[in-house]
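So the structure is just underneath, and the comments pick up after that.
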Amino acid sequence: MKCGVVVFPGSNCDHDCYHVLKHVFGFDTRWIWHKDEDLGGLDLAVLPGGFSYGDYLRPGAIAKFSPIMKAVARHARDGGKVLGICNGFQILVEAGLLPGALMRNRSQKFVCKNAYVRVENADTPFTSECGGKRVMKVPIAHADGNYFIDPDDLGRITDNGQVVLRYCTPDGEVSEAANPNGSVQNIAGVVNEKKNVLGMMPHPERCSDPLWPDLDGQLIFKSLLHCA
Amino acid sequence: MVKAHGLTPDEYRRILDLLGRAPNLTELGIFSVMWSEHCSYKSSRPLLKTLPTEGPRVLQGPGENAGIVDIGGGMAAVFKIESHNHPSFIEPHQGAATGVGGILRDIFTMGARPVALLDSLRFGDLSEPRTRYLLNGVVDGISSYGNCVGVPTVGGEIYFDSCYNGNILVNVFCLGLIKADKIFRGNAAGVGNAVIYVGSKTGRDGIHGASLLASSEFDETTEEKRPTVQVGDPFTEKLLLEACLEIMKHDWVVGVQDMGAAGLTSSSFEMAGRAGTGVELDLSKVPLREEGMTPYEILLSESQERMLFVVRQGHEADALAVFKKWDLNAAVIGRVTEGHSVKILHAGEIAAQLPVSAVVDGALALQRPSQRPQYLDSITELDLTGLKTPERGDEALKKLLAAPNIAGKRWVYEQYDHMVRLNTLILPGSDASVIRVPGAQKALAISADCNSRYCYLDPYQGAQIAVAECCRNVVCAGGEPIGVTNCLNFGSPERPEIMWQFEQAVLGMGDACRFLEIPIVSGNVSFYNETKGEAIFPTPTIAVVGLLEDQKRHCVQWFQKPGDLVALAGFSMEELGGSEYLKLTFDSCRGPVPNLDLPQEKKVQRFCLRSIREGLVSSAHDCSEGGLAVALAESCFTGPRLLGARIEMESTLRSDALMFGETQSRVLISFPRENKEALETLAREGGVEFSVLGSVEGERLTVRIDGEDYIEQDVRVLKKIWDESLERYGR
Amino acid sequence: MLAKIHVTLKNGVLDPQGKAVNSALNDLGFKEVRNVQIGKYMEVLLDGVSESEAQKRVKEMCDKLLANTVIETYRFTLDSSKK
Amino acid sequence: MLAKIHVTLKNGVLDPQGKAVNSALNDLGFKEVRNVQIGKYMEVLLDGVSESEAQKRVKEMCDKLLANTVIETYRFTLDSSKK
Ligand SMILES: Nc1ncnc2c1ncn2[C@@H]1O[C@H](COP(=O)(O)OP(=O)(O)O)[C@@H](O)[C@H]1O
Ligand SMILES: [Mg+2]
């Protein structure tokens with residue numbers, strides 16, 4: 001599988017994604033500079049976490065205009081896979097490639113800790129290895145992860161199976177107490193209508209290297225491998 | 001005007017002697033910042049010279065932006081700690097944020113990639129609304145800056161005491177990694193080479209932030225033009241970081257220095273000073289944020305996120321191209337010259353011209369008088385017979401676990417991204433954090449410590465304990481201490497009692513490091529931490545870096561498996577002086593501080609390190625504030641899994657001293673039963689007392705002393721008390 | 001020309017920041033505070049454009065960048081006395 | 001009573017956000033943009049207070065919480081038609 005990690009000014013998790021794709025999974029992975037204008041035949045484009053443009057104004061607001069984003073949109077339209085993690089997710093909603101918006105956490109604070117998410121739809125290229133409402137333990141690290149979508153659109157994306165991840169308790173219960181940031185209906189990750197673009201706030205790349213005991217993030221990358 | 005610049009008549013006379021003429025206003029400004037306490041270390045230098053700074057691993061000692069220690073395999077660790085106390089008291093968010101920015105630049109200026117931050121914080125009483133405001137603001141500032149730059153904040157320490165009501169402390173430590181043969185220094189070498197400015201534009205921020213106040217030349221309207229608070233721009237810092245590391249791959253980069261305190265002035269003078277050259281700068285070329293700035297303002301501005309590069313002649317365009325790629329302002333603003341002076345041009349005229357050595361080395365080293373403070377006469381003794389021993393320890397334990405100085409710091413470190421870059425092997429929450437060295441089998445353990453109550457009661461011993469405890473924390477994680485950095489926070493050096501505290505602390509720190517054979521490679525001094533004559537407790541913050549040759553052999557503080565045995569390495573004495581227990585239960589801050597026997601300390605650390613390296617132990621936790629009882633409780637509940645323990649002890653000490661006393665040189669370990677003999681042998685060979693106390697089991701912590709129940713608690717209850725205490729003060 | 005732009009959350013979008021500030025004010029003793037809404041205020045200085053041009057351009061800036069129209073609305077005024 | 005509060009950075013204080021938005025607008029082709037400053041706009045709804053009381057209370061709120069007076073200034077207007 002051919003992967004590219006897009007580097008925006010202020011991307012922080014670019015190295016982490018690159019490391020996991022290339023060294024843990026052995027994918028053919030390369031860097032993509034945000035001023036580039038094409039993706040050059042990739043299967044998967046990863047928009048990593050971080051603070052593109054300092055998250056100034058709104059997270060993702062300025063990065064959506066980077067030259068590479070036109071290519072990302074084309075790639076998505078043509079069915080290519082796009083994975084946006086954390087800041088990558090924020091860029092994708094700002095760019096309109098995914099529905100909704102990401103607002104400041106309910107607590108008003110940055111939060112870095114392990115969260116549990118339940119896979120609501122295993123019928124996507126990103127989650128095919130996560131059947132049976134699989135619960136994953138994945139770190140979150142964000143100040144703006146509070147997912148919002150208006151009620152009509154919420155109904156539509158829910159019916160379409162576009163809600164892919166919800167925050168839950170370790171036992172898989174989706175409850176207010178398990179919601180770390182105030183997201184509507186505990187939503188932690190969504191896909192587009194065609195299900196080839198996934199945005200998620202949790203960081204699967206932070207729990208994929210066998211150096212650590214927690215490896216649930218591997219499920220996302222294994223799913224991608226499986227689909228390739 | 002001389003006085004307004006914070007210079008004494010003696011100092012002014014010295015300037016006249018050195019120059020053979022009167023300085024102009026700009027030149028006076030230069031002397032004033034460069035000879036300020038902050039930049040010249042004039043009060044502390046003679047004492048700092050006594051510190052042990054050498055060792056086989058040292059690649060760079062004090063004097064550069066940061067210290068460097070060889071970690072083998074062609075790699076080196078670069079680190080330093082710095083204070084941002086005064087700015088953080090005025091504006092906690094920006095003050096703390098720019099503190100992070102400054103220490104990061106110190107590290108990447110040397111060519112290292114910053115890999116971890118620690119924050120060491122001191123606040124006043126939490127019952128004061130102002131304290132809570134400062135606490136929230138500081139944590140928010142650190143989090144916003146560090147997270148945005150993408151360097152994980154992996155640990156630190158935080159203490160509360162009313163002595164910090166009027167002066168909080170914000171010390172930030174940064175660790176970087178570098179190839180041992182790719183170290184950059186602040187050298188303006190090579191006549192004809194270009195001096196390049198890069199980073200944020202220069203504004204009127206914090207002029208005279210580092211030294212004293214303005215000159216009479218400023219009029220009333222100046223105040224509003226000249227905000228004293230600098231605002232950090234972490235996004236620009238991130239670009240600066242990446243651009244610097246990229247450009248430093250080229251051999252035409254000659255020298256680099258960041259513009260910290262005293263901005264362009266200190267960077268240009270110090271770089272020329274180190275290289276023995278001169279520098280000519282044209283201020284008209286400096287990128288400016290505001291209109292009508294004078295040479296005085298440009299030279300003394302402390303705008304953040306700026307650096308000065310010296311680049312080999314002919315490579316100016318190459319350098320500018322890299323900075324352009326990262327959308328940074330950059331300009332060639334001068335040249336390295338022959339001779340040994342710095343010449344400053346502005347609008348075609350000479351604004352200042354000064355001999356480098358006069359400015360850099362000219363400050364008089366002050367022999368400030370020192371005198372033992374009187375307060376010590378009445379508080380160094382403690383009569384234990386007057387203190388009633390409680391029958392049982394449950395209530396005291398709960399009270400200690402809820403005390404802000406001991407309670408869990410999750411509320412703080414959850415606001416910091418402590419995982420970014422995938423190097424954090426031990427996350428915050430254990431004795432020391434462990435950072436792996438990418439591309440190698442090695443890892444580094446880091447910790448910051450200082451119990452300033454001890455230092456108040458006995459600065460010499462207190463500073464020794466800070467060193468010992470910090471090393472012990474690193475050892476408990478499996479690291480062998482290889483280098484120290486320190487941040488000396490004190491009151492006004494103009495008071496003999498403060499100078500005495502300072503002198504004692506420096507001597508104590510130096511003696512402890514010498515004995516433990518670890519070099520001090522960098523540091524920082526922050527004086528004048530006092531308000532209305534009330535000084536803070538002396539607070540010599542110590543940070544230690546420890547090396548793990550095998551990153552898999554790291555160790556955490558929490559129990560791992562039911563059935564493991566629990567033992568104490570080291571022995572307990574009847575010591576309650578200076579303890580958190582004494583303060584909480586008897587509202588008393590007095591007494592002899594715990595004894596520190598350095599040979600004993602060294603033996604315990606060696607034993608502990610060896611048993612971790614040989615894979616014999618499951619957990620290791622040092623006993624510090626709250627003593628053995630708190631260490632036991634923390635070992636039960638700080639891990640991913642709650643585990644109880646059953647402890648049986650016999651002792652001739654008062655039970656409260658045994659359980660809550662803060663005797664040094666003790667480590668609580670747990671280990672599989674089958675390793676008992678091996679550990680006992682190691683301990684015997686190492687001359688370390690080793691006593692099995694009980695075992696890991698169930699979900700309750702029970703402690704029996706001489707056959708009587710002393711503590712008997714549900715671990716879940718204890719955890720809740722400890723875990724939720726601090727967040728009550730959050731906003 | 002100075003454009004003064006107000007960007008606020010749409011009706012029906014929960015304002016967590018406003019809520020937090022509301023309860024902080026109540027806690028500080030400002031019991032009379034019943035609701036707080038927090039938005040952005042921006043001043044954009046424009047060079048050499050006519051008022052009608054500015055009207056069009058600023059609207060475009062808001063739609064494209066300054067506001068996220070999924071959750072926010074905006075309004076602005078122009079002040080031609082500012083240079 | 002509705003208080004409409006503008007909080008902006010003091011003169012000379014670095015505005016990293018404004019700077020970033022300024023250059024983003026320029027890059028997007030809005031070359032006429034010369035300066036951008038970003039501040040906050042808040043609406044605080046007050047219950048049962050007179051105008052003169054409100055004047056005093058809102059000032060107090062700003063000084064205490066809503067503005068960081070070390071680096072920010074504020075101004076506000078009161079609208080008594082809003083309930
Ligand atoms: N200000 C802080 N920032 C980040 N982590 C902190 C802070 N204060 C404490 N911690 C973390 O909490 C844990 C306990 O700290 P502390 O009580 O100081 O430990 P010790 O007594 O062993 O030195 C450590 O892992 C430490 O890194
Ligand atoms: Mg410890």
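Residue numbering restarts at 1 for every chain of the structure tokens, chains are lettered A, B, ... in their displayed order, and ligands are numbered from 1 as they appear.
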Original post:
Neighbours of ligand 1 within 8 Å, counting only C-alpha atoms and all ligand atoms, as JSON, numbers by chain?
Top reply: {"B": [118, 119, 120, 121, 139, 153, 154, 155, 156, 157, 158, 405, 406, 407, 408, 409, 410, 412, 413, 416, 427, 428, 429, 430, 431, 432, 433, 447, 448, 449, 469, 470, 473, 621, 622, 623, 624, 625]}
Subject >> Counting only C-alpha atoms, chain A residues within 12 Å of chain C, as an MDAnalysis selection string >> reply: chainID A and resid 56:65 90:91 93:96 98:109 144 146:151 153 181:184
Keeping N, CA and C atoms for every residue in the selection just given, could you write it to a file as a compact mmCIF listing (two decimals), in the first residue's frame?
```
# COMPACT_ATOMS: atom_id res chain seq x y z
N TYR A 56 -4.65 28.86 14.82
CA TYR A 56 -5.13 30.23 14.95
C TYR A 56 -6.44 30.38 14.17
N LEU A 57 -7.28 31.26 14.65
CA LEU A 57 -8.65 31.49 14.16
C LEU A 57 -9.53 30.30 14.55
N ARG A 58 -9.40 29.18 13.84
CA ARG A 58 -10.05 27.93 14.23
C ARG A 58 -9.14 26.81 13.77
N PRO A 59 -9.09 25.70 14.49
CA PRO A 59 -8.23 24.60 14.02
C PRO A 59 -8.64 24.19 12.59
N GLY A 60 -7.66 24.09 11.73
CA GLY A 60 -7.92 23.64 10.37
C GLY A 60 -8.37 24.72 9.41
N ALA A 61 -8.73 25.90 9.94
CA ALA A 61 -9.32 26.94 9.09
C ALA A 61 -8.36 27.44 8.02
N ILE A 62 -7.10 27.58 8.39
CA ILE A 62 -6.15 28.12 7.41
C ILE A 62 -5.56 26.98 6.57
N ALA A 63 -5.33 25.84 7.21
CA ALA A 63 -4.71 24.71 6.50
C ALA A 63 -5.58 24.23 5.33
N LYS A 64 -6.87 24.43 5.43
CA LYS A 64 -7.72 23.91 4.34
C LYS A 64 -7.39 24.58 3.01
N PHE A 65 -6.69 25.72 3.04
CA PHE A 65 -6.33 26.40 1.80
C PHE A 65 -4.94 26.04 1.29
N GLN A 90 -9.95 17.91 11.93
CA GLN A 90 -10.41 19.30 11.95
C GLN A 90 -10.25 19.95 10.57
N ILE A 91 -9.15 19.62 9.90
CA ILE A 91 -8.94 20.19 8.56
C ILE A 91 -9.99 19.64 7.60
N VAL A 93 -13.08 18.61 8.19
CA VAL A 93 -14.41 19.22 8.34
C VAL A 93 -14.38 20.67 7.87
N GLU A 94 -13.31 21.38 8.14
CA GLU A 94 -13.22 22.76 7.66
C GLU A 94 -13.26 22.79 6.13
N ALA A 95 -12.64 21.81 5.51
CA ALA A 95 -12.58 21.77 4.05
C ALA A 95 -13.88 21.25 3.46
N GLY A 96 -14.79 20.82 4.31
CA GLY A 96 -16.07 20.32 3.81
C GLY A 96 -16.00 18.90 3.27
N LEU A 98 -15.76 16.34 5.18
CA LEU A 98 -16.54 15.58 6.16
C LEU A 98 -17.59 16.52 6.75
N PRO A 99 -18.71 15.97 7.19
CA PRO A 99 -19.76 16.81 7.75
C PRO A 99 -19.45 17.26 9.18
N GLY A 100 -20.09 18.36 9.60
CA GLY A 100 -20.00 18.79 10.99
C GLY A 100 -18.91 19.80 11.25
N ALA A 101 -18.66 20.00 12.52
CA ALA A 101 -17.62 20.95 12.93
C ALA A 101 -17.05 20.48 14.26
N LEU A 102 -15.81 20.92 14.56
CA LEU A 102 -15.19 20.56 15.83
C LEU A 102 -14.98 21.81 16.65
N MET A 103 -15.63 21.84 17.80
CA MET A 103 -15.58 23.02 18.63
C MET A 103 -14.71 22.76 19.86
N ARG A 104 -14.48 23.85 20.62
CA ARG A 104 -13.70 23.74 21.84
C ARG A 104 -14.30 22.71 22.79
N ASN A 105 -13.46 21.97 23.48
CA ASN A 105 -13.94 20.98 24.45
C ASN A 105 -14.85 21.64 25.47
N ARG A 106 -15.78 20.87 25.94
CA ARG A 106 -16.69 21.37 26.96
C ARG A 106 -15.92 21.93 28.17
N SER A 107 -14.84 21.26 28.54
CA SER A 107 -14.05 21.69 29.70
C SER A 107 -13.23 22.94 29.43
N GLN A 108 -13.17 23.36 28.18
CA GLN A 108 -12.32 24.50 27.76
C GLN A 108 -10.85 24.18 27.86
N LYS A 109 -10.52 22.94 28.13
CA LYS A 109 -9.11 22.61 28.34
C LYS A 109 -8.65 21.56 27.34
N ASP A 144 -9.87 20.96 20.88
CA ASP A 144 -11.07 21.21 20.08
C ASP A 144 -11.54 19.90 19.45
N ASN A 146 -14.81 18.70 20.26
CA ASN A 146 -16.23 18.67 20.60
C ASN A 146 -17.03 18.69 19.30
N TYR A 147 -17.43 17.51 18.85
CA TYR A 147 -18.06 17.38 17.52
C TYR A 147 -19.46 17.94 17.55
N PHE A 148 -19.75 18.78 16.55
CA PHE A 148 -21.10 19.34 16.42
C PHE A 148 -21.63 19.09 15.01
N ILE A 149 -22.91 18.77 14.96
CA ILE A 149 -23.56 18.70 13.66
C ILE A 149 -25.02 19.01 13.90
N ASP A 150 -25.68 19.69 12.96
CA ASP A 150 -27.05 20.06 13.27
C ASP A 150 -27.96 18.83 13.19
N PRO A 151 -29.11 18.87 13.87
CA PRO A 151 -29.92 17.67 14.08
C PRO A 151 -30.30 16.96 12.77
N ASP A 153 -28.71 16.89 9.85
CA ASP A 153 -27.55 16.20 9.29
C ASP A 153 -27.15 15.02 10.16
N ASN A 181 -15.31 15.32 25.80
CA ASN A 181 -15.21 16.68 25.26
C ASN A 181 -16.55 17.34 24.92
N GLY A 182 -17.63 16.62 25.13
CA GLY A 182 -18.94 17.22 24.86
C GLY A 182 -19.50 16.93 23.48
N SER A 183 -18.85 16.06 22.72
CA SER A 183 -19.30 15.76 21.37
C SER A 183 -20.76 15.32 21.33
N VAL A 184 -21.47 15.75 20.32
CA VAL A 184 -22.85 15.30 20.09
C VAL A 184 -22.87 13.78 20.02
```
**OP:** Extract, using only C-alpha atoms, all DNA, RNA and protein residues at most 9 Å from Lys82 of chain C, discarding same-chain residues fewer than 5 positions from it, and format them as number ranges by chain.
**Re:** C: 1-2, 45
If you count only C-alpha atoms, which residues fall within 9 Å of Pro204 of chain A, apart from same-chain ones fewer than 2 positions away, as a PDB file with N, CA, C and O atoms, in the first residue's frame?
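The file below, out.pdb, is the result:
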```pdb
ATOM      1  N   CYS A  17       2.942   9.312  12.613  1.00  0.00           N
ATOM      2  CA  CYS A  17       2.180   8.575  11.594  1.00  0.00           C
ATOM      3  C   CYS A  17       3.132   7.903  10.608  1.00  0.00           C
ATOM      4  O   CYS A  17       2.962   6.745  10.244  1.00  0.00           O
ATOM      5  N   ILE A  85      -6.444  12.499  11.304  1.00  0.00           N
ATOM      6  CA  ILE A  85      -6.386  12.205  12.746  1.00  0.00           C
ATOM      7  C   ILE A  85      -6.268  13.527  13.492  1.00  0.00           C
ATOM      8  O   ILE A  85      -5.366  14.315  13.216  1.00  0.00           O
ATOM      9  N   VAL A 138      -7.777   4.056  22.945  1.00  0.00           N
ATOM     10  CA  VAL A 138      -6.940   4.899  22.089  1.00  0.00           C
ATOM     11  C   VAL A 138      -6.734   6.266  22.755  1.00  0.00           C
ATOM     12  O   VAL A 138      -7.690   6.852  23.256  1.00  0.00           O
ATOM     13  N   PRO A 139      -5.496   6.786  22.766  1.00  0.00           N
ATOM     14  CA  PRO A 139      -5.276   8.094  23.395  1.00  0.00           C
ATOM     15  C   PRO A 139      -5.931   9.239  22.614  1.00  0.00           C
ATOM     16  O   PRO A 139      -5.974   9.206  21.379  1.00  0.00           O
ATOM     17  N   PRO A 202      -9.316  10.514  18.221  1.00  0.00           N
ATOM     18  CA  PRO A 202      -8.287   9.697  18.886  1.00  0.00           C
ATOM     19  C   PRO A 202      -7.102   9.402  17.959  1.00  0.00           C
ATOM     20  O   PRO A 202      -7.244   9.447  16.735  1.00  0.00           O
ATOM     21  N   ARG A 206      -0.713   6.352  18.189  1.00  0.00           N
ATOM     22  CA  ARG A 206      -0.093   6.359  19.515  1.00  0.00           C
ATOM     23  C   ARG A 206      -0.253   5.020  20.232  1.00  0.00           C
ATOM     24  O   ARG A 206       0.227   4.865  21.357  1.00  0.00           O
ATOM     25  N   CYS A 207      -0.972   4.100  19.621  1.00  0.00           N
ATOM     26  CA  CYS A 207      -1.089   2.788  20.266  1.00  0.00           C
ATOM     27  C   CYS A 207      -0.962   1.711  19.207  1.00  0.00           C
ATOM     28  O   CYS A 207      -1.826   0.851  19.064  1.00  0.00           O
ATOM     29  N   SER A 208       0.119   1.808  18.443  1.00  0.00           N
ATOM     30  CA  SER A 208       0.351   0.837  17.373  1.00  0.00           C
ATOM     31  C   SER A 208       1.748   0.255  17.389  1.00  0.00           C
ATOM     32  O   SER A 208       2.008  -0.763  16.762  1.00  0.00           O
ATOM     33  N   LEU A 215      -2.175  -1.744  21.992  1.00  0.00           N
ATOM     34  CA  LEU A 215      -1.964  -1.811  20.544  1.00  0.00           C
ATOM     35  C   LEU A 215      -3.243  -1.743  19.729  1.00  0.00           C
ATOM     36  O   LEU A 215      -3.271  -2.143  18.565  1.00  0.00           O
ATOM     37  N   ASP A 216      -4.321  -1.209  20.321  1.00  0.00           N
ATOM     38  CA  ASP A 216      -5.592  -1.208  19.607  1.00  0.00           C
ATOM     39  C   ASP A 216      -5.580  -0.399  18.309  1.00  0.00           C
ATOM     40  O   ASP A 216      -6.348  -0.661  17.396  1.00  0.00           O
ATOM     41  N   GLY A 217      -4.682   0.602  18.258  1.00  0.00           N
ATOM     42  CA  GLY A 217      -4.628   1.430  17.054  1.00  0.00           C
ATOM     43  C   GLY A 217      -4.294   0.624  15.817  1.00  0.00           C
ATOM     44  O   GLY A 217      -4.665   0.989  14.692  1.00  0.00           O
ATOM     45  N   GLN A 218      -3.616  -0.492  16.029  1.00  0.00           N
ATOM     46  CA  GLN A 218      -3.240  -1.337  14.887  1.00  0.00           C
ATOM     47  C   GLN A 218      -4.447  -1.790  14.078  1.00  0.00           C
ATOM     48  O   GLN A 218      -4.335  -2.042  12.879  1.00  0.00           O
ATOM     49  N   LEU A 219      -5.595  -1.893  14.756  1.00  0.00           N
ATOM     50  CA  LEU A 219      -6.794  -2.380  14.057  1.00  0.00           C
ATOM     51  C   LEU A 219      -7.136  -1.500  12.862  1.00  0.00           C
ATOM     52  O   LEU A 219      -7.564  -1.996  11.809  1.00  0.00           O
ATOM     53  N   ILE A 220      -6.951  -0.198  13.021  1.00  0.00           N
ATOM     54  CA  ILE A 220      -7.269   0.723  11.922  1.00  0.00           C
ATOM     55  C   ILE A 220      -6.330   0.464  10.736  1.00  0.00           C
ATOM     56  O   ILE A 220      -6.753   0.346   9.587  1.00  0.00           O
ATOM     57  N   PHE A 221      -5.032   0.350  11.039  1.00  0.00           N
ATOM     58  CA  PHE A 221      -4.070   0.163   9.949  1.00  0.00           C
ATOM     59  C   PHE A 221      -4.193  -1.230   9.328  1.00  0.00           C
ATOM     60  O   PHE A 221      -4.027  -1.402   8.127  1.00  0.00           O
TER      61      PHE A 221
END
```
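When atom CA of Ala477 of chain B is paired with atom CA of Val437 of chain B, their separation reads 15.2 Å.
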Subject >> Selection: 12 Å around Asp587 of chain B, only C-alpha atoms, excl. self and same-chain fewer than 6 positions, as a ChimeraX atom specification >> reply: /B:387,577-581
Please list as a compact mmCIF listing (two decimals) with N, CA, C and O atoms, in the first residue's frame every residue within 6 Å of Tyr41 of chain C, counting only C-alpha atoms and excluding residues in the same chain fewer than 6 positions away.
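Here's the written file result-v3.txt:
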```
# COMPACT_ATOMS: atom_id res chain seq x y z
N ILE C 5 -15.71 43.24 12.12
CA ILE C 5 -16.46 42.01 11.86
C ILE C 5 -16.80 41.29 13.16
O ILE C 5 -15.93 41.09 14.01
N HIS C 6 -18.05 40.92 13.30
CA HIS C 6 -18.47 40.12 14.45
C HIS C 6 -18.81 38.72 13.98
O HIS C 6 -19.64 38.57 13.08
N ILE D 38 -7.45 40.42 16.07
CA ILE D 38 -8.53 39.52 16.50
C ILE D 38 -8.76 39.66 17.99
O ILE D 38 -7.84 39.58 18.79
N GLY D 39 -10.02 39.91 18.30
CA GLY D 39 -10.38 40.03 19.71
C GLY D 39 -11.62 39.23 20.01
O GLY D 39 -12.01 38.37 19.22
N LYS D 40 -12.21 39.51 21.16
CA LYS D 40 -13.41 38.76 21.54
C LYS D 40 -14.61 39.68 21.59
O LYS D 40 -14.50 40.87 21.89
N TYR D 41 -15.75 39.09 21.32
CA TYR D 41 -16.99 39.82 21.44
C TYR D 41 -17.92 39.00 22.33
O TYR D 41 -18.13 37.82 22.08
```
**OP:** Excluding segment 115-122 of chain A and any residue of its chain fewer than 5 positions from it, enumerate the residues within 9 Å of it, using only C-alpha atoms, and give them as a PyMOL selection string.
**Re:** chain A and resi 127-140+161-174+178-180+188+202
**OP:** Give me, as a ChimeraX atom specification, the contact residues of chain A against chain B at a cut-off of 8 Å, counting only C-alpha atoms.
**Re:** /A:9-10,12-13,15-16,50-51,53-54,109-113,141,206,212
**OP:** Show me which bits of chain D are within 10 Å of chain C, counting only C-alpha atoms, as an NGL selection string.
**Re:** :D and (1-8 or 18 or 21-22 or 24-25 or 28-49 or 54 or 57-58 or 60-61 or 64-66 or 83)
**OP:** Using DSSP on the backbone, list every residue of segment 90-147 of chain A that comes out as alpha helix (DSSP H), and give them as a ChimeraX atom specification.
**Re:** /A:90-94
Write to file, as a JSON list (two decimals), in the first residue's frame, the residues of the selection just made, with C-alpha atoms.
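Listing of out-v3.json after writing:
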```json
[["chain", "number", "residue", "atom", "x", "y", "z"],
["A", 90, "GLN", "CA", -10.41, 19.30, 11.95],
["A", 91, "ILE", "CA", -8.94, 20.19, 8.56],
["A", 92, "LEU", "CA", -11.25, 17.75, 6.79],
["A", 93, "VAL", "CA", -14.41, 19.22, 8.34],
["A", 94, "GLU", "CA", -13.22, 22.76, 7.66]]
```
**OP:** Run DSSP on the backbone of this structure and report the residues of segment 71-175 of chain A it assigns to strand (DSSP E), as a count of residues only.
**Re:** 34
